[in-house]
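Asks: Here you go, model_10.cif (mmCIF, C-alpha atoms):
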```
data_work
#
loop_
_atom_site.label_atom_id
_atom_site.label_comp_id
_atom_site.auth_asym_id
_atom_site.auth_seq_id
_atom_site.Cartn_x
_atom_site.Cartn_y
_atom_site.Cartn_z
CA MET A 155 -128.14 113.96 20.58
CA THR A 156 -130.65 111.24 21.41
CA ASP A 157 -130.41 107.52 20.78
CA PRO A 158 -133.71 105.77 19.85
CA THR A 159 -132.12 102.38 20.60
CA ILE A 160 -131.87 103.09 24.35
CA PRO A 161 -134.64 100.96 25.97
CA VAL A 162 -137.49 102.96 27.49
CA THR A 163 -139.41 101.47 30.41
CA GLU A 164 -143.20 101.57 30.84
CA ASP A 165 -142.77 103.75 33.93
CA GLU A 166 -140.90 106.26 31.79
CA LEU A 167 -143.68 106.23 29.22
CA HIS A 168 -146.24 106.98 31.96
CA ALA A 169 -143.98 109.72 33.35
CA PHE A 170 -143.70 111.16 29.82
CA VAL A 171 -147.51 111.32 29.57
CA ASP A 172 -147.75 112.94 33.02
CA ASN A 173 -144.96 115.47 32.26
CA GLU A 174 -142.93 114.05 35.14
CA LEU A 175 -139.99 112.75 33.08
CA PRO A 176 -136.58 114.37 33.76
CA ALA A 177 -135.68 116.85 31.03
CA GLU A 178 -132.45 115.04 30.16
CA ARG A 179 -134.38 111.85 29.38
CA ARG A 180 -137.22 113.41 27.40
CA GLY A 181 -135.33 113.52 24.11
CA ASP A 182 -134.48 109.83 24.38
CA VAL A 183 -138.13 108.94 24.95
CA GLU A 184 -139.29 111.08 22.02
CA ALA A 185 -136.73 109.37 19.77
CA TRP A 186 -137.85 105.97 21.05
CA LEU A 187 -141.49 106.75 20.27
CA ALA A 188 -140.60 107.93 16.78
CA ALA A 189 -138.95 104.56 16.15
CA HIS A 190 -141.60 102.43 17.90
CA PRO A 191 -145.12 103.13 16.58
CA GLU A 192 -146.75 100.62 18.94
CA ASP A 193 -145.46 102.45 22.03
CA ALA A 194 -146.38 105.78 20.43
CA GLY A 195 -149.94 104.52 20.01
CA ARG A 196 -150.09 103.46 23.67
CA VAL A 197 -148.87 106.89 24.77
CA GLN A 198 -151.49 108.57 22.59
CA SER A 199 -154.27 106.42 24.07
CA TRP A 200 -153.09 107.13 27.63
CA ARG A 201 -153.13 110.84 26.94
CA ALA A 202 -156.63 110.65 25.50
CA MET A 203 -157.80 108.68 28.54
CA ALA A 204 -156.17 111.15 30.93
CA GLU A 205 -157.84 114.08 29.17
CA ALA A 206 -161.23 112.35 29.35
CA LEU A 207 -160.80 111.56 33.06
CA HIS A 208 -159.68 115.08 33.90
CA ALA A 209 -162.55 116.59 31.95
CA ARG A 210 -165.03 114.46 33.89
CA TYR A 211 -163.52 114.46 37.38
CA ASP A 212 -161.24 117.51 37.81
CA SER A 213 -163.86 119.14 40.02
CA VAL A 214 -163.04 116.64 42.77
CA ALA A 215 -159.44 115.72 41.93
CA ASP A 216 -157.91 118.33 44.23
CA GLU A 217 -160.09 117.62 47.25
CA ALA A 218 -158.39 116.48 50.43
CA VAL A 219 -158.52 112.76 51.22
CA PRO A 220 -161.74 112.30 53.22
CA LYS A 221 -161.39 111.35 56.87
CA ARG A 222 -163.48 108.26 56.11
CA LEU A 223 -160.62 106.85 53.98
CA GLU A 224 -157.81 107.26 56.49
CA ILE A 225 -156.21 103.92 57.34
CA GLU A 226 -156.50 104.63 61.06
CA ARG A 227 -160.21 103.85 60.75
CA LEU A 228 -159.31 100.17 60.52
CA VAL A 229 -158.51 100.21 64.22
CA ARG A 230 -161.12 102.69 65.38
CA ARG A 231 -164.54 101.96 66.74
CA PRO A 232 -167.45 102.54 64.32
CA ARG A 233 -168.63 106.09 64.04
CA HIS A 234 -171.83 107.23 65.72
CA TRP A 235 -173.97 109.63 63.70
CA ILE A 236 -175.26 111.83 66.49
CA TYR A 237 -174.84 115.38 65.28
CA GLY A 238 -177.72 117.38 63.90
CA THR A 239 -175.99 118.17 60.61
CA VAL A 240 -175.31 114.50 59.98
CA ALA A 241 -178.90 113.64 60.80
CA ALA A 242 -180.06 116.21 58.26
CA ALA A 243 -177.75 114.75 55.64
CA LEU A 244 -179.13 111.32 56.41
CA VAL A 245 -182.69 112.49 55.79
CA ALA A 246 -181.66 114.03 52.46
CA PHE A 247 -179.80 110.87 51.49
CA VAL A 248 -182.74 108.58 52.19
CA CYS A 249 -185.30 110.87 50.57
CA GLY A 250 -183.14 111.22 47.48
CA GLY A 251 -182.75 107.48 46.98
CA GLY A 252 -184.38 105.86 43.98
CA VAL A 253 -186.95 103.10 43.86
CA GLY A 254 -185.58 99.84 45.27
CA TRP A 255 -184.47 97.08 42.92
CA LEU A 256 -184.50 93.38 43.72
CA ALA A 257 -187.12 94.11 46.37
CA ARG A 258 -186.63 91.19 48.72
CA GLY A 259 -185.43 90.70 52.24
CA VAL A 260 -185.54 93.21 55.05
CA ALA A 261 -184.79 96.90 54.54
CA ALA A 262 -181.45 97.92 56.02
CA SER A 263 -180.77 100.59 58.59
CA PRO A 264 -180.34 103.88 56.66
CA SER A 265 -177.39 104.91 58.85
CA ALA A 266 -175.47 101.74 58.04
CA PHE A 267 -176.11 102.20 54.34
CA GLN A 268 -175.19 105.86 54.55
CA ASN A 269 -171.79 105.13 56.09
CA LEU A 270 -171.04 102.45 53.54
CA THR A 271 -172.22 104.37 50.48
CA LEU A 272 -170.54 107.64 51.41
CA ASP A 273 -167.24 105.80 51.92
CA ALA A 274 -167.63 104.05 48.56
CA LEU A 275 -168.42 107.26 46.68
CA ASP A 276 -165.47 109.03 48.32
CA ALA A 277 -163.16 106.19 47.26
CA HIS A 278 -164.62 106.21 43.75
CA ARG A 279 -164.04 109.93 43.24
CA LEU A 280 -160.56 109.71 44.75
CA TYR A 281 -159.23 106.92 42.52
CA VAL A 282 -161.03 107.22 39.17
CA VAL A 283 -158.92 110.26 38.30
CA GLU A 284 -155.69 108.30 38.73
CA VAL A 285 -153.93 107.33 35.50
CA ARG A 286 -150.72 105.71 36.76
CA HIS A 287 -151.80 104.32 40.14
CA PRO A 288 -155.56 103.71 40.23
CA VAL A 289 -155.11 100.29 41.89
CA GLU A 290 -152.63 98.31 43.99
CA VAL A 291 -152.97 94.99 42.16
CA PRO A 292 -153.55 95.04 38.37
CA GLY A 293 -156.41 93.22 36.69
CA ASN A 294 -154.14 90.74 34.95
CA GLU A 295 -153.48 89.27 38.41
CA ARG A 296 -157.17 88.55 39.07
CA ALA A 297 -156.59 85.26 40.92
CA HIS A 298 -154.00 86.80 43.26
CA LEU A 299 -156.18 89.89 43.78
CA GLN A 300 -159.18 87.77 44.81
CA LEU A 301 -157.16 85.58 47.19
CA TRP A 302 -155.45 88.59 48.78
CA LEU A 303 -158.67 90.56 49.33
CA THR A 304 -160.50 87.46 50.57
CA LYS A 305 -157.78 86.82 53.15
CA ARG A 306 -157.64 90.42 54.31
CA CYS A 307 -161.38 91.11 54.31
CA GLY A 308 -162.66 87.83 55.76
CA TRP A 309 -165.29 86.97 53.15
CA ASP A 310 -165.12 85.51 49.65
CA VAL A 311 -164.16 88.44 47.42
CA ARG A 312 -164.72 87.84 43.71
CA ALA A 313 -164.02 90.22 40.83
CA PRO A 314 -167.10 89.85 38.61
CA GLU A 315 -166.68 89.33 34.87
CA LEU A 316 -168.25 92.43 33.32
CA ASP A 317 -167.18 92.01 29.70
CA GLY A 318 -170.85 91.74 28.75
CA THR A 319 -171.26 95.41 29.70
CA GLY A 320 -168.07 96.50 27.94
CA LEU A 321 -166.04 96.78 31.15
CA LYS A 322 -162.60 95.28 31.81
CA LEU A 323 -161.04 94.80 35.25
CA VAL A 324 -158.39 97.46 35.93
CA GLY A 325 -157.51 95.92 39.31
CA GLY A 326 -158.19 96.50 42.96
CA ARG A 327 -156.96 97.64 46.33
CA LEU A 328 -157.64 97.26 50.06
CA LEU A 329 -159.36 100.15 51.84
CA PRO A 330 -160.78 100.87 55.29
CA GLY A 331 -164.53 100.34 55.62
CA PRO A 332 -167.07 101.52 58.21
CA THR A 333 -166.24 98.66 60.61
CA GLY A 334 -163.11 97.05 59.13
CA PRO A 335 -161.38 96.40 55.81
CA ALA A 336 -163.10 96.92 52.46
CA SER A 337 -162.34 95.61 49.00
CA PHE A 338 -162.23 98.04 46.09
CA LEU A 339 -162.35 96.90 42.45
CA MET A 340 -162.12 99.16 39.41
CA TYR A 341 -163.44 98.52 35.89
CA GLU A 342 -163.01 100.54 32.72
CA SER A 343 -164.62 100.69 29.28
CA ALA A 344 -162.82 101.25 25.98
CA SER A 345 -163.90 104.92 26.13
CA GLY A 346 -162.37 105.43 29.58
CA GLU A 347 -165.65 105.20 31.52
CA ARG A 348 -164.85 103.86 35.00
CA PHE A 349 -166.93 101.95 37.56
CA THR A 350 -165.86 100.81 41.01
CA LEU A 351 -167.21 98.08 43.27
CA TYR A 352 -166.71 98.64 47.00
CA THR A 353 -167.62 95.91 49.49
CA SER A 354 -167.40 95.87 53.27
CA ARG A 355 -168.98 94.24 56.28
CA ALA A 356 -172.24 95.98 57.04
CA GLN A 357 -174.77 95.51 59.81
CA THR A 358 -177.58 95.43 57.28
CA GLY A 359 -178.49 91.76 56.91
CA THR A 360 -180.06 91.51 53.46
CA ALA A 361 -181.39 94.62 51.75
CA GLN A 362 -182.82 95.61 48.39
CA MET A 363 -180.83 97.60 45.87
CA ARG A 364 -181.17 101.38 45.86
CA TYR A 365 -179.80 104.27 43.84
CA THR A 366 -178.26 107.58 44.89
CA ALA A 367 -176.23 110.29 43.16
CA ALA A 368 -173.93 113.05 44.36
CA GLU A 369 -171.23 115.27 42.82
CA ASN A 370 -171.45 113.88 39.28
CA SER A 371 -171.26 110.28 40.48
CA GLY A 372 -174.02 107.71 40.96
CA ALA A 373 -174.19 104.53 43.01
CA MET A 374 -176.31 101.40 43.33
CA TYR A 375 -176.03 99.87 46.80
CA TRP A 376 -177.34 96.69 48.42
CA SER A 377 -176.34 94.02 50.92
CA GLU A 378 -176.29 90.24 51.20
CA ASP A 379 -175.51 88.15 54.28
CA GLY A 380 -173.88 90.98 56.22
CA VAL A 381 -171.73 92.27 53.32
CA GLY A 382 -172.59 95.61 51.73
CA TYR A 383 -171.97 96.30 48.04
CA VAL A 384 -171.72 99.71 46.38
CA LEU A 385 -171.29 100.02 42.62
CA SER A 386 -170.24 103.58 41.74
CA GLY A 387 -169.93 105.21 38.33
CA PRO A 388 -171.50 107.89 36.15
CA VAL A 389 -174.90 109.22 37.23
CA ASP A 390 -176.70 107.36 34.41
CA LYS A 391 -179.08 105.21 36.46
CA ASP A 392 -179.94 102.82 33.63
CA ARG A 393 -176.26 102.14 32.94
CA LEU A 394 -175.53 101.63 36.64
CA ASN A 395 -178.52 99.30 36.90
CA GLN A 396 -177.26 97.25 33.95
CA VAL A 397 -173.82 96.78 35.49
CA ALA A 398 -175.18 96.26 39.00
CA ARG A 399 -177.53 93.51 37.81
CA LEU A 400 -174.58 91.57 36.38
CA VAL A 401 -172.52 92.11 39.54
CA TYR A 402 -175.41 90.99 41.73
CA ASP A 403 -176.12 87.87 39.65
CA GLN A 404 -172.49 86.76 39.88
CA THR A 405 -171.97 87.52 43.57
CA GLU A 406 -175.20 85.73 44.47
CA LYS A 407 -174.24 82.72 42.34
CA ASN A 408 -170.73 82.56 43.81
CA GLY A 409 -171.89 83.23 47.35
CA GLY A 410 -169.70 86.28 47.84
#
```
Before anything else, please render the file you have as structure tokens.

Replies:
Amino acid sequence: MTDPTIPVTEDELHAFVDNELPAERRGDVEAWLAAHPEDAGRVQSWRAMAEALHARYDSVADEAVPKRLEIERLVRRPRHWIYGTVAAALVAFVCGGGVGWLARGVAASPSAFQNLTLDALDAHRLYVVEVRHPVEVPGNERAHLQLWLTKRCGWDVRAPELDGTGLKLVGGRLLPGPTGPASFLMYESASGERFTLYTSRAQTGTAQMRYTAAENSGAMYWSEDGVGYVLSGPVDKDRLNQVARLVYDQTEKNGG
């Protein structure tokens, strides 16, 4: 027998969606959902979102965590790209980049941009498939998230308002960057489309915006005042450009 009056927590609802709920509790949750249409609707939307994310990103979901994202990098010296295979990848990366946008300032060192953008794309592919734990701090704690990342990263981290592009802040987390900590913010549309904004110190000065794509993900990347920005999302360049323009306008206005 199950009792639909037994309170069900949000964690249990997520576990129910992910098929991780203990068998002895499953009947109680099903009874609860039958008696609470609002929670049943939330569960249905989570399942639909999970299916959409898996359909789009399952090809990379089972990959090992890239070495570039290991926390030990926070205390390591910057990498030196000296091997022939890496040099070849660098040439392909630069040649495959799109036409620059916001063409002002001095062009950045390709190797610095490569490190930054590869790290950002790795982080994007790693976390966009997460349903329960895509971020450390949720978007409804925007003020705390900004203060925490600003303190840890050492520059003014702001979570841009992207409602004008149909994107809501999911939240953010702290990650290792090429030469120190990096901030990582995630946004999501009503259809489950996800974008991430990765920022880290970069020895690039000021550089124009460029586009690249790899493994079903695209990125617009640029730098301002020694901070590199990488907006990652679907490969649709026009859509990325639209979102990146709004991010750029707000970060330039706010000075970080």

Asks: Apply the PyMOL selection byres ((chain A and resi 381) around 6) to the file shown and report the selected residues as a PDB file with C-alpha atoms, in the frame of the given file.

Replies:
```pdb
ATOM      1  CA  SER A 354    -167.400  95.870  53.270  1.00  0.00           C
ATOM      2  CA  ARG A 355    -168.980  94.240  56.280  1.00  0.00           C
ATOM      3  CA  ALA A 356    -172.240  95.980  57.040  1.00  0.00           C
ATOM      4  CA  SER A 377    -176.340  94.020  50.920  1.00  0.00           C
ATOM      5  CA  GLU A 378    -176.290  90.240  51.200  1.00  0.00           C
ATOM      6  CA  ASP A 379    -175.510  88.150  54.280  1.00  0.00           C
ATOM      7  CA  GLY A 380    -173.880  90.980  56.220  1.00  0.00           C
ATOM      8  CA  GLY A 382    -172.590  95.610  51.730  1.00  0.00           C
TER       9      GLY A 382
END
```

Asks: In Å to one decimal, how far is CA of Tyr383 (chain A) from CA of Thr353 (chain A)?

Replies: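 Value for the CA of Thr353 (chain A)-CA of Tyr383 (chain A) distance: 4.6 Å.
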
Asks: Would you kindly return, as an MDAnalysis selection string, each protein, DNA or RNA residue with an atom no farther than 8 Å from any atom of Ala367 (chain A), considering all atoms listed in the file and excluding same-chain residues fewer than 5 positions away?

Replies: chainID A and resid 372:373 389

Asks: Work out how far CA of Glu347 (chain A) is from CA of Gly387 (chain A), in Å to one decimal.

Replies: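 If I compute the distance from CA of Gly387 (chain A) to CA of Glu347 (chain A), I get 8.0 Å.
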
Asks: Take the point (-168.4, 98.9, 29.8) in the file's coordinates, draw a sphere of radius 12 Å around it, and report as a CSV table (one decimal) with C-alpha atoms, in the frame of the given file every protein, DNA or RNA residue with an atom inside or on it, counting all atoms listed in the file.

Replies:
```csv
chain,number,residue,atom,x,y,z
A,315,GLU,CA,-166.7,89.3,34.9
A,316,LEU,CA,-168.2,92.4,33.3
A,317,ASP,CA,-167.2,92.0,29.7
A,318,GLY,CA,-170.8,91.7,28.8
A,319,THR,CA,-171.3,95.4,29.7
A,320,GLY,CA,-168.1,96.5,27.9
A,321,LEU,CA,-166.0,96.8,31.2
A,322,LYS,CA,-162.6,95.3,31.8
A,323,LEU,CA,-161.0,94.8,35.2
A,324,VAL,CA,-158.4,97.5,35.9
A,340,MET,CA,-162.1,99.2,39.4
A,341,TYR,CA,-163.4,98.5,35.9
A,342,GLU,CA,-163.0,100.5,32.7
A,343,SER,CA,-164.6,100.7,29.3
A,344,ALA,CA,-162.8,101.2,26.0
A,345,SER,CA,-163.9,104.9,26.1
A,346,GLY,CA,-162.4,105.4,29.6
A,347,GLU,CA,-165.6,105.2,31.5
A,348,ARG,CA,-164.8,103.9,35.0
A,349,PHE,CA,-166.9,102.0,37.6
A,350,THR,CA,-165.9,100.8,41.0
A,387,GLY,CA,-169.9,105.2,38.3
A,388,PRO,CA,-171.5,107.9,36.2
A,393,ARG,CA,-176.3,102.1,32.9
A,394,LEU,CA,-175.5,101.6,36.6
A,396,GLN,CA,-177.3,97.2,34.0
A,397,VAL,CA,-173.8,96.8,35.5
A,398,ALA,CA,-175.2,96.3,39.0
A,400,LEU,CA,-174.6,91.6,36.4
```

Asks: Just checking: using only C-alpha atoms, which residue out of A:Trp302, A:Tyr375, A:Trp186, A:Tyr352 ends up closest to Gly331 (chain A)?

Replies: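 Smallest separation from Gly331 (chain A) among the options: A:Tyr352.
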
Asks: For CA of Glu290 (chain A) and CA of Trp376 (chain A), quote the distance in Å rounded to one decimal.

Replies: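 A separation of 25.2 Å between them.
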
Asks: May I ask which of the residues A:Leu270, A:Ala189, A:Leu167, A:Ala194 is the closest one to Leu351 (chain A), counting only C-alpha atoms?

Replies: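 Checking each candidate against Leu351 (chain A), we get A:Leu270 as the closest.
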